[in-house]
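Notes for the one structure printed next.
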Amino acid sequence: MMKSFSSNANVALVALLLLLALMSTASSAKLSSTFYDKACPNALATIRKSIRTAVSAERRMAASLIRFHFHDCFVQGCDASILLDDTSSITGEKNALPNQNSVRGYEVIDNAKSEVEKLCPGVVSCADIVAVAARDASVAVGGPDWAVKLGRRDSTTASKTLAESSLPSFLDSLESLANRFAGNGLNIRDLVALSGAHSIGQAQCFTFRGRIYSNTSDIDANFARTRGRGCPAANNVGDANLAPLDLVTPNQLDNSYFKNLIQKKGLLASDQVLFSGGSTDSIVSEYSSKPANFIADFAAAMIKMGNINPLTGSNGQIRRICSALN
């Protein structure tokens, strides 16, 4: 009887020790803004320099890099899966409909990675570089700054199918957008704040043609006519012609986007649904009149988005070249 009790006690002790070890591992695997302080102390400064150079050469790149992070995180989590090229065993996300001829900045991330590899080979993940690049891009165009949490690892898989089913569409309803964001742990306020990234960047004609020629009550007529000058009504004519998402301050990440929505001057249908008599109207109104609230919420939402299903610990790998597995 005593032997049985001792045996059971030993089993319980081993189980407790295993549980504590697992808890310790989980704790140590959390993302941290100081993750590279010892392993690669100059990593962030090196990435920042690369991003500033890229944005200085082309202001539009700031919007592209913020969107890059978004398109990465919404498919499999923030794991740099968007960067993987197609192989015999991987059908990547680069050619998924929401990304093809649309997502930009691959070469900027590759350049930043190359510079960091010179300092600390095999230490800094592509996923973390994408996250840091988005923050640095925001700062470069007058947007908010935030402490990027680090320690993500890179995926060994990608999914074109998931990219095509998970990423928001320029035609999405408010309900559809809310559901997509909720599926990634982001609430309505996060949705509106992150949509404010459309204060910068440009859209292709085919994404807003239907809206500007719709003659509906949710678009300002003069605004529609102005946008129509560079976007013909006929399908397949000028599809790739670009127009700024925000005509007022197209190269400044600010709250003009929300003022535009109130005036029925959202370029994309998925923009204007945020101010169309629904549950997000009050948030749009708040951000339009209180820019500090938008800045704070945008930064918080970017941190939250950057924490969607990251690979940590021994999961994934640290790719030496972002477009290919080691």
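Letters A, B, ... mark the chains of the structure tokens in the order given; residue numbers begin at 1 per chain; ligand numbers begin at 1, in order shown.
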Using only C-alpha atoms, which residues sit within 8 Å of range 184-199 of chain A once same-chain residues fewer than 4 positions away are excluded, as a PyMOL selection string?
-> chain A and resi 63+66+74+177-178+180+245-246+249-258+271+274+280+283-284+294+297-298+301-302+304-305+308
Which residues, written as a list of chain:residue names, have at least one atom at most 6 Å from range 31-34 of chain A, with only C-alpha atoms counted and residues fewer than 6 positions away on the same chain left out?
-> A:Val148, A:Lys149, A:Leu150, A:Gly151
Pull N, CA, C and O atoms from the residues just selected and write them as an mmCIF file, in the first residue's frame.
```
data_model
loop_
_atom_site.group_PDB
_atom_site.id
_atom_site.type_symbol
_atom_site.label_atom_id
_atom_site.label_comp_id
_atom_site.auth_asym_id
_atom_site.auth_seq_id
_atom_site.Cartn_x
_atom_site.Cartn_y
_atom_site.Cartn_z
ATOM 1 N N VAL A 148 7.345 47.454 -31.202
ATOM 2 C CA VAL A 148 6.993 46.206 -31.877
ATOM 3 C C VAL A 148 7.436 45.023 -31.017
ATOM 4 O O VAL A 148 8.593 44.944 -30.611
ATOM 5 N N LYS A 149 6.512 44.137 -30.735
ATOM 6 C CA LYS A 149 6.858 42.924 -30.007
ATOM 7 C C LYS A 149 7.503 41.939 -30.976
ATOM 8 O O LYS A 149 7.031 41.768 -32.102
ATOM 9 N N LEU A 150 8.575 41.316 -30.536
ATOM 10 C CA LEU A 150 9.412 40.508 -31.416
ATOM 11 C C LEU A 150 9.595 39.086 -30.893
ATOM 12 O O LEU A 150 9.292 38.792 -29.738
ATOM 13 N N GLY A 151 10.121 38.233 -31.768
ATOM 14 C CA GLY A 151 10.344 36.837 -31.398
ATOM 15 C C GLY A 151 9.568 35.877 -32.275
ATOM 16 O O GLY A 151 9.542 34.667 -32.012
#
```
In range 24-205 of chain A, what's helix (DSSP H, G or I) per DSSP? Answer as an MDAnalysis selection string?
-> chainID A and resid 24:28 43:57 60:73 81:83 106:119 126:140 160:166 174:182 188:199 205
Any idea what's packed within 9 Å of Arg67 in chain A, counting only C-alpha atoms, ignoring anything in its chain fewer than 4 positions away? Could you give it as a PyMOL selection string?
-> chain A and resi 62-63+71-72+103-104+134+197
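For the choices A:Met61, A:Ile321, A:Val237, A:Leu174, the atom-to-atom distance to Ile200 in chain A is smallest for A:Met61 when using only C-alpha atoms.
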Write out as a list in words which residues come within 9 Å of Leu44 in chain A when counting only C-alpha atoms, dropping same-chain ones fewer than 3 positions away.
->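 Surrounding residues, per the criterion: Tyr36, Cys40, Pro41, Ile47, Arg48, Lys49, Val116, Ile129 and Val132 of chain A.
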Proximity to Ser270 in chain A - best of A:Asp172, A:Ser289, A:Thr312, A:Phe206, only C-alpha atoms |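 Answer, going by the shortest atom-to-atom distance: A:Asp172.
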If you run DSSP over the backbone, which residues in range 75-256 of chain A end up strand (DSSP E or B)? Put them as a ChimeraX atom specification.
-> /A:150,153-154,202-204,242-244
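Near range 210-225 of chain A, within 7 Å and counting only C-alpha atoms, sit Gly228, Arg229, Ala233, Lys264, Lys265, Leu268 and Ala269 of chain A, not including residues fewer than 3 positions from it in the same chain.
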May I ask which of the residues A:Glu117, A:Gly313, A:Ser102, A:Ile318 is the closest one to Ala240 in chain A, counting only C-alpha atoms?
->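 For Ala240 in chain A, the nearest of the candidates is A:Ser102.
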Separation of CA of Pro144 in chain A and CA of Ala292 in chain A, in Å?
->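 Computing it gives 9.7 Å between the two atoms.
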Counting only C-alpha atoms, what is within 9 Å of Pro310 in chain A, bar same-chain residues fewer than 6 positions away, as a ChimeraX atom specification?
-> /A:31,73,76-79,127,151-154
With distances taken over only C-alpha atoms, which of A:Asn101, A:Ile303, A:Ala243, A:Lys259 is nearest to Lys290 in chain A?
-> A:Lys259
